[in-house]
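Just run17.txt here, compact mmCIF, C-alpha atoms:
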```txt
# COMPACT_ATOMS: atom_id res chain seq x y z
CA VAL A 1 -0.79 54.00 -9.01
CA ARG A 2 -4.27 52.64 -9.69
CA PHE A 3 -6.94 53.66 -12.22
CA ASP A 4 -10.53 52.44 -12.51
CA PRO A 5 -12.09 51.22 -15.80
CA GLN A 6 -13.11 54.82 -16.65
CA GLY A 7 -9.53 56.04 -16.28
CA ARG A 8 -10.11 57.86 -12.97
CA LEU A 9 -7.23 57.92 -10.53
CA LEU A 10 -8.06 55.84 -7.44
CA ASP A 11 -4.71 55.62 -5.69
CA GLY A 12 -1.41 57.49 -5.98
CA GLN A 13 -2.64 61.09 -5.87
CA HIS A 14 -0.10 62.19 -3.30
CA ARG A 15 2.81 60.51 -5.10
CA LEU A 16 1.90 62.17 -8.38
CA LEU A 17 1.54 65.56 -6.71
CA ALA A 18 4.94 65.10 -5.09
CA LEU A 19 6.38 64.21 -8.47
CA ILE A 20 4.99 67.42 -9.97
CA ALA A 21 6.33 69.47 -7.06
CA SER A 22 9.80 67.90 -7.36
CA GLY A 23 10.20 68.87 -11.00
CA LEU A 24 11.33 65.37 -11.97
CA LYS A 25 10.53 64.40 -15.54
CA HIS A 26 10.68 60.63 -15.14
CA LEU A 27 10.03 58.22 -12.29
CA GLU A 28 9.24 54.53 -12.55
CA MET A 29 6.01 53.43 -10.87
CA VAL A 30 3.79 50.38 -10.98
CA VAL A 31 0.55 51.29 -12.80
CA ILE A 32 -2.55 49.12 -12.40
CA ARG A 33 -5.55 49.74 -14.63
CA ASP A 34 -9.21 48.62 -14.56
CA VAL A 35 -9.36 48.46 -10.77
CA PRO A 36 -13.05 48.24 -9.67
CA THR A 37 -14.25 51.68 -8.58
CA GLU A 38 -15.88 50.27 -5.42
CA SER A 39 -12.49 49.11 -4.19
CA PHE A 40 -11.51 52.74 -3.55
CA LYS A 41 -13.11 52.78 -0.11
CA VAL A 42 -10.89 49.94 1.14
CA LEU A 43 -7.61 50.77 -0.61
CA ASP A 44 -4.86 51.22 1.98
CA SER A 45 -7.46 50.96 4.72
CA GLY A 46 -4.68 50.57 7.27
CA LEU A 47 -3.26 53.96 6.32
CA GLY A 48 -4.40 57.47 7.16
CA ARG A 49 -7.17 57.85 4.62
CA SER A 50 -10.02 60.10 5.68
CA TYR A 51 -13.73 59.35 5.69
CA GLY A 52 -13.97 61.67 2.70
CA ASP A 53 -11.49 59.53 0.76
CA ALA A 54 -13.82 56.55 1.17
CA LEU A 55 -16.53 58.26 -0.89
CA GLY A 56 -14.44 58.19 -4.05
CA PRO A 57 -12.30 60.60 -6.07
CA ASP A 58 -15.11 62.55 -7.76
CA VAL A 59 -17.24 63.70 -4.82
CA HIS A 60 -17.13 67.48 -4.40
CA GLY A 61 -16.64 68.48 -0.77
CA ALA A 62 -16.11 64.84 0.14
CA VAL A 63 -14.85 65.53 3.68
CA GLN A 64 -17.97 67.54 4.54
CA VAL A 65 -20.28 65.03 2.86
CA ALA A 66 -18.68 62.09 4.69
CA ALA A 67 -18.95 63.87 8.04
CA ALA A 68 -22.64 64.47 7.45
CA CYS A 69 -23.14 60.83 6.42
CA ARG A 70 -21.54 59.62 9.65
CA LEU A 71 -23.69 62.00 11.69
CA LEU A 72 -26.92 60.96 10.00
CA TYR A 73 -26.15 57.25 10.06
CA CYS A 74 -25.45 57.44 13.80
CA VAL A 75 -28.84 59.12 14.31
CA GLU A 76 -30.54 56.59 12.02
CA LEU A 77 -29.16 53.74 14.12
CA GLY A 78 -30.48 55.36 17.27
CA GLY A 79 -27.10 56.53 18.52
CA ASP A 80 -26.21 59.88 20.08
CA PRO A 81 -23.83 61.79 17.76
CA ARG A 82 -22.76 64.01 20.66
CA ASN A 83 -21.08 60.93 22.09
CA ASN A 84 -17.67 60.10 20.60
CA ARG A 85 -18.12 56.43 21.48
CA ASP A 86 -21.34 56.25 19.46
CA MET A 87 -19.72 58.04 16.52
CA ALA A 88 -16.70 55.73 16.61
CA VAL A 89 -18.95 52.81 15.70
CA ILE A 90 -19.55 54.35 12.25
CA THR A 91 -16.80 53.14 9.91
CA ARG A 92 -15.51 54.60 6.65
CA THR A 93 -17.35 51.85 4.81
CA ASP A 94 -20.57 52.72 6.66
CA ALA A 95 -20.21 56.36 5.61
CA ALA A 96 -19.53 55.39 1.99
CA ASP A 97 -22.51 53.03 1.90
CA TYR A 98 -24.80 55.66 3.40
CA PHE A 99 -23.64 58.15 0.80
CA ARG A 100 -24.36 55.75 -2.08
CA LEU A 101 -27.92 55.27 -0.80
CA HIS A 102 -28.55 59.02 -0.44
CA GLU A 103 -26.12 60.54 -2.94
CA PRO A 104 -28.36 63.11 -4.72
CA VAL A 105 -29.83 64.57 -1.55
CA MET A 106 -26.45 64.57 0.28
CA VAL A 107 -24.67 66.49 -2.48
CA THR A 108 -27.47 69.07 -2.73
CA ALA A 109 -27.80 69.40 1.05
CA VAL A 110 -24.09 70.16 1.50
CA LYS A 111 -24.35 73.00 -1.01
CA ARG A 112 -27.44 74.39 0.73
CA ALA A 113 -25.72 74.09 4.12
CA ASP A 114 -22.79 76.13 2.78
CA THR A 115 -25.21 78.86 1.72
CA VAL A 116 -26.89 79.00 5.14
CA TYR A 117 -23.57 78.79 7.01
CA ARG A 118 -22.16 81.85 5.25
CA HIS A 119 -24.82 84.03 6.88
CA PHE A 120 -23.58 83.33 10.41
CA ALA A 121 -20.29 83.68 12.23
CA GLY A 122 -21.07 80.50 14.15
CA GLY A 123 -22.82 77.27 13.34
CA ASN A 124 -21.66 73.94 12.02
CA LYS A 125 -21.89 72.98 8.33
CA THR A 126 -21.98 69.25 9.04
CA ALA A 127 -24.92 69.65 11.42
CA LEU A 128 -26.71 72.02 9.05
CA CYS A 129 -26.36 69.45 6.30
CA GLY A 130 -27.75 66.78 8.62
CA LEU A 131 -30.75 68.95 9.51
CA ILE A 132 -31.45 69.70 5.84
CA VAL A 133 -31.37 66.03 4.87
CA LEU A 134 -33.72 65.09 7.72
CA GLY A 135 -36.06 67.91 6.78
CA TRP A 136 -36.07 67.26 3.06
CA GLN A 137 -36.83 63.59 3.66
CA ALA A 138 -39.82 64.62 5.78
CA ASP A 139 -41.20 67.76 4.10
CA ASP A 140 -38.93 69.73 1.79
CA ALA A 141 -41.27 72.73 1.61
CA LEU A 142 -41.37 73.12 5.39
CA MET A 143 -37.60 72.71 5.70
CA ASN A 144 -37.00 75.31 2.98
CA GLU A 145 -39.31 77.70 4.86
CA PHE A 146 -37.41 77.01 8.08
CA LEU A 147 -34.03 77.66 6.43
CA GLU A 148 -35.22 80.80 4.66
CA SER A 149 -36.40 82.29 7.95
CA LEU A 150 -33.03 81.51 9.54
CA VAL A 151 -31.20 83.33 6.78
CA THR A 152 -33.45 86.39 6.47
CA GLY A 153 -34.90 86.70 9.98
CA ALA A 154 -38.04 88.13 8.38
CA ASN A 155 -41.22 88.24 10.49
CA LEU A 156 -39.67 86.37 13.43
CA GLY A 157 -41.17 87.54 16.71
CA LEU A 158 -40.12 87.02 20.31
CA GLY A 159 -40.62 83.41 21.32
CA ASP A 160 -40.20 82.06 17.80
CA PRO A 161 -37.81 79.07 17.99
CA ARG A 162 -36.33 80.08 14.64
CA LEU A 163 -35.36 83.46 16.09
CA ALA A 164 -33.83 81.76 19.13
CA LEU A 165 -31.75 79.53 16.88
CA ARG A 166 -30.82 82.42 14.60
CA ASN A 167 -29.60 84.49 17.56
CA TRP A 168 -27.65 81.53 18.91
CA LEU A 169 -26.01 80.88 15.54
CA SER A 170 -25.03 84.55 15.27
CA ASN A 171 -23.70 84.97 18.80
CA ASP A 172 -22.44 81.66 20.18
CA ARG A 173 -18.66 81.28 20.07
CA THR A 174 -18.34 78.09 22.08
CA LEU A 175 -16.68 75.21 20.30
CA ARG A 176 -19.20 72.37 20.14
CA ASN A 177 -19.22 69.18 18.12
CA ALA A 178 -21.57 68.60 15.19
CA GLY A 179 -23.77 66.32 17.27
CA THR A 180 -24.49 69.06 19.80
CA HIS A 181 -25.26 71.52 17.02
CA LEU A 182 -27.63 69.07 15.35
CA ALA A 183 -29.40 68.46 18.66
CA LEU A 184 -30.05 72.20 19.05
CA TYR A 185 -31.17 72.58 15.44
CA ILE A 186 -33.63 69.72 15.86
CA LYS A 187 -35.00 71.21 19.10
CA ALA A 188 -35.69 74.50 17.31
CA TRP A 189 -37.34 72.65 14.40
CA ASN A 190 -39.51 70.53 16.70
CA ASP A 191 -40.67 73.55 18.71
CA TRP A 192 -41.49 75.46 15.52
CA LEU A 193 -43.36 72.49 14.06
CA ASN A 194 -45.40 72.09 17.25
CA GLY A 195 -46.03 75.81 17.75
CA ASN A 196 -44.04 75.95 20.99
CA GLU A 197 -42.26 79.11 22.11
CA ARG A 198 -38.51 79.21 22.74
CA ASN A 199 -36.24 82.15 23.56
CA LEU A 200 -32.94 80.39 24.33
CA MET A 201 -31.17 77.44 22.73
CA VAL A 202 -29.96 75.12 25.47
CA ILE A 203 -29.35 71.39 25.73
CA ARG A 204 -28.08 69.66 28.87
CA PRO A 205 -25.35 67.00 28.65
CA ASP A 206 -27.68 64.47 30.32
CA GLU A 207 -30.58 65.30 28.00
CA ASP A 208 -31.54 62.63 25.47
CA PHE A 209 -30.75 63.38 21.85
CA PRO A 210 -33.95 64.86 20.40
CA VAL A 211 -36.09 62.98 17.91
CA PHE A 212 -36.59 64.81 14.62
CA LEU A 213 -40.35 65.24 14.32
CA THR A 214 -42.09 64.99 10.98
CA ALA A 215 -45.56 65.65 12.38
CA LYS A 216 -47.20 66.59 15.68
CA ALA A 217 -46.88 63.07 16.98
CA ASP A 218 -44.91 61.41 19.71
CA ALA A 219 -41.89 59.61 18.18
CA MET A 220 -40.30 58.53 21.46
CA ILE A 221 -41.26 54.84 21.21
CA ALA A 222 -39.58 54.53 17.81
CA GLN A 223 -36.47 56.30 19.09
CA GLN A 224 -36.26 54.13 22.19
CA THR A 225 -36.42 51.04 19.98
CA LYS A 226 -33.60 52.42 17.86
CA ARG A 227 -31.54 53.15 20.97
CA ILE A 228 -31.93 49.57 22.23
CA LYS A 229 -30.78 48.25 18.84
CA PHE A 230 -27.80 50.62 18.87
CA LEU A 231 -26.74 49.60 22.37
CA TRP A 232 -26.85 45.99 21.20
CA LEU A 233 -24.64 46.96 18.25
CA LEU A 234 -22.10 48.52 20.66
CA VAL A 235 -22.00 45.33 22.70
CA THR A 236 -21.63 42.97 19.74
CA LYS A 237 -19.39 45.02 17.39
```
Rewritten as structure tokens:
Amino acid sequence: VRFDPQGRLLDGQHRLLALIASGLKHLEMVVIRDVPTESFKVLDSGLGRSYGDALGPDVHGAVQVAAACRLLYCVELGGDPRNNRDMAVITRTDAADYFRLHEPVMVTAVKRADTVYRHFAGGNKTALCGLIVLGWQADDALMNEFLESLVTGANLGLGDPRLALRNWLSNDRTLRNAGTHLALYIKAWNDWLNGNERNLMVIRPDEDFPVFLTAKADAMIAQQTKRIKFLWLLVTK
């Protein structure tokens, strides 16, 4: 059983819970104190710890946060999060490091994603969180307007990409991974930002993962550069 310098439990949670459940009053264990907090993400790394465990013991909704970190880091590297092979490159340590760099926005985005998700029978909280982080980093006012329109549906006319996404979120029952959801969310955002009409949310399996636009500018060159770097990472990792 391990504790960090602040007295927070880093390792041994399951054993202690089992002890409580058993009703035993005494059980000898090895107790180690003052373990560096950063060591949590590599404790028992050969065992079945989740990506959420790697973030530390005090992160609320750690599993959801870690999933969003993996998704966003894959996109940041130029990978395609719809592809399991691309996602497999992102390690627990990568997810933990990404979280440390973006902790305030990640925690807030997960809470906002939960709020939006509750308004629809479908959707994907991890992908919603990813979209929110991308949007807040670019223009938080625009992203908040986009999200509010998804939730309320107010003043959305035929051809509005936000209405197309809202209808898809409300009616689609197909199981899709978070990467596919994020791709569709980004397509709706891009079309709305550029003033393009859209009535249906569709993405083909052979279609490139969309670039999240922050302005009415072509971002394809930057994305292609990222993709080349990511492919090199796959070869060398």
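The two atoms in question, atom CA of A:His119 and atom CA of A:Asn167, are spaced 11.7 Å apart.
Of the listed residues A:Pro104, A:Gly195, A:Gly130, A:Gly179, the one whose atoms come nearest to A:Gly159 is A:Gly195, with distances taken using all atoms listed in the file.
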Query raised in the report: Do you know which residues are at most 7 Å from A:Met106 counting all atoms listed in the file, after dropping those on the same chain fewer than 3 positions away, and could you put them as a PyMOL selection string?
Result: chain A and resi 65+102-103+109-110+133
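Distance check against A:Asp114 using only C-alpha atoms: of A:Ile20, A:Ala188, A:Met143, A:Ile132, the minimum falls on A:Ile132.
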- May I have the residues within 12 Å of A:Arg118 as a PyMOL selection string, using all atoms listed in the file and disregarding those fewer than 4 positions away in the same chain? chain A and resi 111-114+122-125+128+150-151+169-170
Would you work out the distance separating atom CA of A:Leu131 from atom CA of A:Ile186, expressed in Å to one decimal?
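Calculated distance between atom CA of A:Leu131 and atom CA of A:Ile186 is 7.0 Å.
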So that I can see what lies close to A:Asp34, please list as number ranges by chain the residues with an atom at most 10 Å from it, counting only C-alpha atoms and leaving out residues fewer than 2 positions away in the same chain. A: 2-8, 32, 36-37
Those selected residues, please, written with C-alpha atoms and delivered as an mmCIF file, keeping the file's coordinate frame.
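Contents of out32.cif, freshly written:
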```
data_model
loop_
_atom_site.group_PDB
_atom_site.id
_atom_site.type_symbol
_atom_site.label_atom_id
_atom_site.label_comp_id
_atom_site.auth_asym_id
_atom_site.auth_seq_id
_atom_site.Cartn_x
_atom_site.Cartn_y
_atom_site.Cartn_z
ATOM 1 C CA ARG A 2 -4.270 52.640 -9.690
ATOM 2 C CA PHE A 3 -6.940 53.660 -12.220
ATOM 3 C CA ASP A 4 -10.530 52.440 -12.510
ATOM 4 C CA PRO A 5 -12.090 51.220 -15.800
ATOM 5 C CA GLN A 6 -13.110 54.820 -16.650
ATOM 6 C CA GLY A 7 -9.530 56.040 -16.280
ATOM 7 C CA ARG A 8 -10.110 57.860 -12.970
ATOM 8 C CA ILE A 32 -2.550 49.120 -12.400
ATOM 9 C CA PRO A 36 -13.050 48.240 -9.670
ATOM 10 C CA THR A 37 -14.250 51.680 -8.580
#
```
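Atom CA of A:Leu163 lies 15.2 Å from atom CA of A:Asn194.
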